[in-house]
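Visitor: Take this structure, written in structure tokens, and hold onto it; I'll ask about it next.
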Amino acid sequence: MLAQTSTSVMPFLGSDVAANYDTSKLVILPIAYEATTTYRRGCENGPDFILEASHQVEYYDEELDRETGCEVGIYTHETIADTRSGGISAEEMLKVTEETVSKLIGDRKFVIALGGEHSITAAIVEAYRKVYTEPFTVVQIDAHGDLRHSYEGSIHNHACVMRRIVDMDLPTVQIGIRAICKEEADLIKEKQLTVFRAREIANEPNWMERAISAIQTDKVFLTIDLDGIDPTLIPGVGTPEPGGLNWYALMTFLRRVCEKHNVIGCDVMELAPLVDSVVSQFTAAKLVYKIIGYQALAKGWFEAGT
């Protein structure tokens with residue numbers, strides 16, 4: 001496990017507001033794993049770029065009228081499953097990720113994982129599934145279905161992560177989907193999976209109400225592949241697709257999910273930074289900060305004075 005861990009990590013937002021582990025309510029977990037990307041590479045660098053960009057995010061959230069980072073204890077964990085340090089098998093990544101997330105859950109931390117490729121999510125969700133006896137819904141924001149049984153010879157490919165979660169018998173709600181293969185289309189029909197396609201979102205003003213209503217469990221795990229967002233906002237992803245969610249629709253949806261459901265954990269995956277632009281990593285960092293604020297508001301962390 002030590003071989004898969006890097007301690008050289010800068011804190012989310014910066015050292016001025018970083019909390020120690022014992023007093024923190026929320027842990028940022030960088031997972032710099034990349035092995036199966038199929039178009040633009042570079043998502044193993046995504047966590048570091050998000051952390052660096054977060055230092056440029058204003059502490060004051062004008063929507064919430066709070067300096068969220070100053071009021072909520074945020075601890076940044078060392079990087080795990082770092083493929084920049086050498087070869088790591090999918091099985092090793094899944095093991096170290098599940099073990100790490102399980103410990104954080106056991107210590108009553110709210111975890112936001114930063115990827116890294118989307119295959120990581122299977123291990124994160126498995127950790128939560130072993131802790132919670134009742135079902136929870138995995139809400140996926142993504143351009144792609146990620147429902148293939150296997151891809152390029154591996155069931156742990158990033159294109160298969162939601163199939164692994166469906167195989168866990170967990171309910172799913174997929175948001176912003178606009179690229180699937182026939183195998184995935186057939187599976188959606190066979191299992192009657194709940195999918196809100198990007199073209200439907202663009203043409204149906206009530207899509208958000210229907211999506212919230214489709215979440216049938218109290219507990220929710222949020223997994224966000226950054227290519228689910230319109231690529232004009234975040235072009236630095238591995239497999240960009242035209243269309244996708246705009247910023248304010250996404251913020252409204254995330255806030256309502258946090259208000260109406262018990263969000264137990266979250267990940268933000270697949271930032272593949274561009275060398276000549278900071279837009280993607282800054283937007284990703286701002287997204288993480290907004291989620292922290294919405295979660296803090298919903299959980300009463302502000303009122304608790306933490």
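Numbering starts fresh at 1 for the residues of each chain in the structure tokens, the chains themselves are lettered A, B, ... in the order given, and ligands are numbered from 1 as they appear.
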Could you give me, as an NGL selection string, the residues within 10 Å of Ala211 (chain A), counting only C-alpha atoms and dropping anything in the same chain fewer than 6 positions from it?

Guide: :A and (139 or 173-175 or 194-196 or 201 or 253 or 257)

Visitor: Fewer than 4 positions away in the same chain doesn't count, so skip those; otherwise give me all residues within 8 Å of region 227-244 of chain A, counting only C-alpha atoms, as a PyMOL selection string.

Guide: chain A and resi 37-43+141-144+175-179+198+270-274+279-281+283-284

Visitor: Would you export the selected residues with N, CA and C atoms as an mmCIF file, in the first residue's frame, please?

Guide:
```cif
data_model
loop_
_atom_site.group_PDB
_atom_site.id
_atom_site.type_symbol
_atom_site.label_atom_id
_atom_site.label_comp_id
_atom_site.auth_asym_id
_atom_site.auth_seq_id
_atom_site.Cartn_x
_atom_site.Cartn_y
_atom_site.Cartn_z
ATOM 1 N N THR A 37 -7.559 4.736 -20.264
ATOM 2 C CA THR A 37 -8.129 5.805 -21.077
ATOM 3 C C THR A 37 -7.909 5.516 -22.555
ATOM 4 N N THR A 38 -8.879 5.940 -23.384
ATOM 5 C CA THR A 38 -8.897 5.499 -24.777
ATOM 6 C C THR A 38 -8.799 6.638 -25.786
ATOM 7 N N TYR A 39 -8.713 7.883 -25.330
ATOM 8 C CA TYR A 39 -8.579 8.996 -26.275
ATOM 9 C C TYR A 39 -7.464 9.913 -25.774
ATOM 10 N N ARG A 40 -7.785 11.010 -25.094
ATOM 11 C CA ARG A 40 -6.747 11.867 -24.521
ATOM 12 C C ARG A 40 -6.305 11.318 -23.172
ATOM 13 N N ARG A 41 -5.017 11.147 -23.007
ATOM 14 C CA ARG A 41 -4.501 10.728 -21.715
ATOM 15 C C ARG A 41 -4.217 11.938 -20.838
ATOM 16 N N GLY A 42 -3.962 11.678 -19.551
ATOM 17 C CA GLY A 42 -3.569 12.751 -18.655
ATOM 18 C C GLY A 42 -4.408 12.867 -17.403
ATOM 19 N N CYS A 43 -5.425 12.014 -17.240
ATOM 20 C CA CYS A 43 -6.292 12.174 -16.063
ATOM 21 C C CYS A 43 -5.595 11.776 -14.764
ATOM 22 N N ILE A 141 -23.374 11.691 -13.313
ATOM 23 C CA ILE A 141 -23.371 12.755 -14.315
ATOM 24 C C ILE A 141 -22.246 12.444 -15.276
ATOM 25 N N ASP A 142 -22.574 12.284 -16.560
ATOM 26 C CA ASP A 142 -21.599 11.724 -17.492
ATOM 27 C C ASP A 142 -22.103 11.912 -18.916
ATOM 28 N N ALA A 143 -21.181 12.008 -19.855
ATOM 29 C CA ALA A 143 -21.551 11.978 -21.267
ATOM 30 C C ALA A 143 -21.802 10.563 -21.750
ATOM 31 N N HIS A 144 -21.155 9.589 -21.086
ATOM 32 C CA HIS A 144 -21.138 8.211 -21.562
ATOM 33 C C HIS A 144 -21.865 7.284 -20.590
ATOM 34 N N ILE A 175 -27.403 10.926 -15.689
ATOM 35 C CA ILE A 175 -27.770 12.274 -16.106
ATOM 36 C C ILE A 175 -26.795 12.780 -17.169
ATOM 37 N N GLY A 176 -27.336 13.282 -18.274
ATOM 38 C CA GLY A 176 -26.505 13.930 -19.296
ATOM 39 C C GLY A 176 -25.926 13.008 -20.338
ATOM 40 N N ILE A 177 -26.399 11.761 -20.380
ATOM 41 C CA ILE A 177 -25.826 10.754 -21.280
ATOM 42 C C ILE A 177 -26.098 11.139 -22.737
ATOM 43 N N ARG A 178 -25.078 11.026 -23.568
ATOM 44 C CA ARG A 178 -25.235 11.347 -24.986
ATOM 45 C C ARG A 178 -24.316 10.530 -25.897
ATOM 46 N N ALA A 179 -23.713 9.463 -25.353
ATOM 47 C CA ALA A 179 -22.868 8.593 -26.167
ATOM 48 C C ALA A 179 -22.887 7.194 -25.559
ATOM 49 N N ALA A 198 -28.938 13.805 -22.605
ATOM 50 C CA ALA A 198 -28.655 15.229 -22.757
ATOM 51 C C ALA A 198 -29.656 15.911 -23.683
ATOM 52 N N GLU A 270 -11.915 12.240 -14.147
ATOM 53 C CA GLU A 270 -11.531 12.321 -15.557
ATOM 54 C C GLU A 270 -11.152 13.709 -16.056
ATOM 55 N N LEU A 271 -10.638 14.576 -15.178
ATOM 56 C CA LEU A 271 -10.000 15.789 -15.679
ATOM 57 C C LEU A 271 -8.688 15.403 -16.350
ATOM 58 N N ALA A 272 -8.550 15.764 -17.622
ATOM 59 C CA ALA A 272 -7.293 15.566 -18.358
ATOM 60 C C ALA A 272 -6.819 16.956 -18.767
ATOM 61 N N PRO A 273 -5.977 17.584 -17.959
ATOM 62 C CA PRO A 273 -5.676 19.012 -18.128
ATOM 63 C C PRO A 273 -5.085 19.340 -19.495
ATOM 64 N N LEU A 274 -5.469 20.497 -20.014
ATOM 65 C CA LEU A 274 -4.873 21.026 -21.235
ATOM 66 C C LEU A 274 -3.633 21.845 -20.871
ATOM 67 N N VAL A 279 -8.785 26.740 -17.637
ATOM 68 C CA VAL A 279 -10.242 26.798 -17.482
ATOM 69 C C VAL A 279 -10.796 25.508 -16.903
ATOM 70 N N SER A 280 -10.358 24.364 -17.406
ATOM 71 C CA SER A 280 -10.945 23.090 -16.995
ATOM 72 C C SER A 280 -10.677 22.788 -15.533
ATOM 73 N N GLN A 281 -9.437 22.930 -15.102
ATOM 74 C CA GLN A 281 -9.117 22.606 -13.713
ATOM 75 C C GLN A 281 -9.720 23.611 -12.736
ATOM 76 N N THR A 283 -12.564 25.273 -13.211
ATOM 77 C CA THR A 283 -14.001 24.970 -13.154
ATOM 78 C C THR A 283 -14.250 23.720 -12.331
ATOM 79 N N ALA A 284 -13.372 22.728 -12.458
ATOM 80 C CA ALA A 284 -13.504 21.509 -11.655
ATOM 81 C C ALA A 284 -13.326 21.820 -10.174
#
```

Visitor: Using only C-alpha atoms, which residue out of A:Thr68, A:Ser54, A:Gln216, A:Thr23 lies closest to Asp107 (chain A)?

Guide: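 Using only C-alpha atoms, the shortest distance to Asp107 (chain A) belongs to A:Thr23.
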
Visitor: Could the residues of region 7-78 of chain A that have an atom at most 12 Å from region 289-295 of chain A be listed as a tab-separated table, each with its closest atom pair and the distance in Å to one decimal, counting only C-alpha atoms and ordered by chain and ascending residue number?

Guide:
```
residue	atom	partner	partner_atom	distance
A:Phe12	CA	A:Tyr289	CA	9.2
A:Leu13	CA	A:Tyr289	CA	8.8
A:Lys25	CA	A:Ile292	CA	10.5
A:Leu26	CA	A:Ile292	CA	8.2
A:Val27	CA	A:Ile292	CA	10.3
A:Ile28	CA	A:Ile292	CA	10.2
A:Ile50	CA	A:Tyr289	CA	10.7
A:Leu51	CA	A:Tyr289	CA	10.9
A:Ala53	CA	A:Tyr289	CA	11.3
A:Ser54	CA	A:Tyr289	CA	8.2
A:His55	CA	A:Tyr289	CA	11.0
A:Gln56	CA	A:Tyr289	CA	11.4
A:Val57	CA	A:Tyr289	CA	8.2
A:Glu58	CA	A:Tyr289	CA	9.6
A:Tyr59	CA	A:Tyr289	CA	8.9
A:Tyr60	CA	A:Gly293	CA	10.3
A:Asp61	CA	A:Lys290	CA	8.0
A:Glu62	CA	A:Lys290	CA	10.6
A:Glu63	CA	A:Lys290	CA	9.4
A:Leu64	CA	A:Gly293	CA	7.4
A:Asp65	CA	A:Gly293	CA	10.1
A:Arg66	CA	A:Gly293	CA	8.4
A:Glu67	CA	A:Gly293	CA	9.0
A:Thr68	CA	A:Gly293	CA	5.9
A:Gly69	CA	A:Tyr289	CA	8.1
A:Cys70	CA	A:Gly293	CA	11.0
A:Glu71	CA	A:Gly293	CA	9.8
A:Val72	CA	A:Ile292	CA	8.3
A:Gly73	CA	A:Ile292	CA	10.3
A:Ile74	CA	A:Ile292	CA	9.1
```

Visitor: For each of A:Glu204, A:Glu259, A:Asp22, A:Glu44, take the minimum atom-to-atom distance to Gly86 (chain A), counting only C-alpha atoms, then give the residue where this is smallest.

Guide: A:Glu44
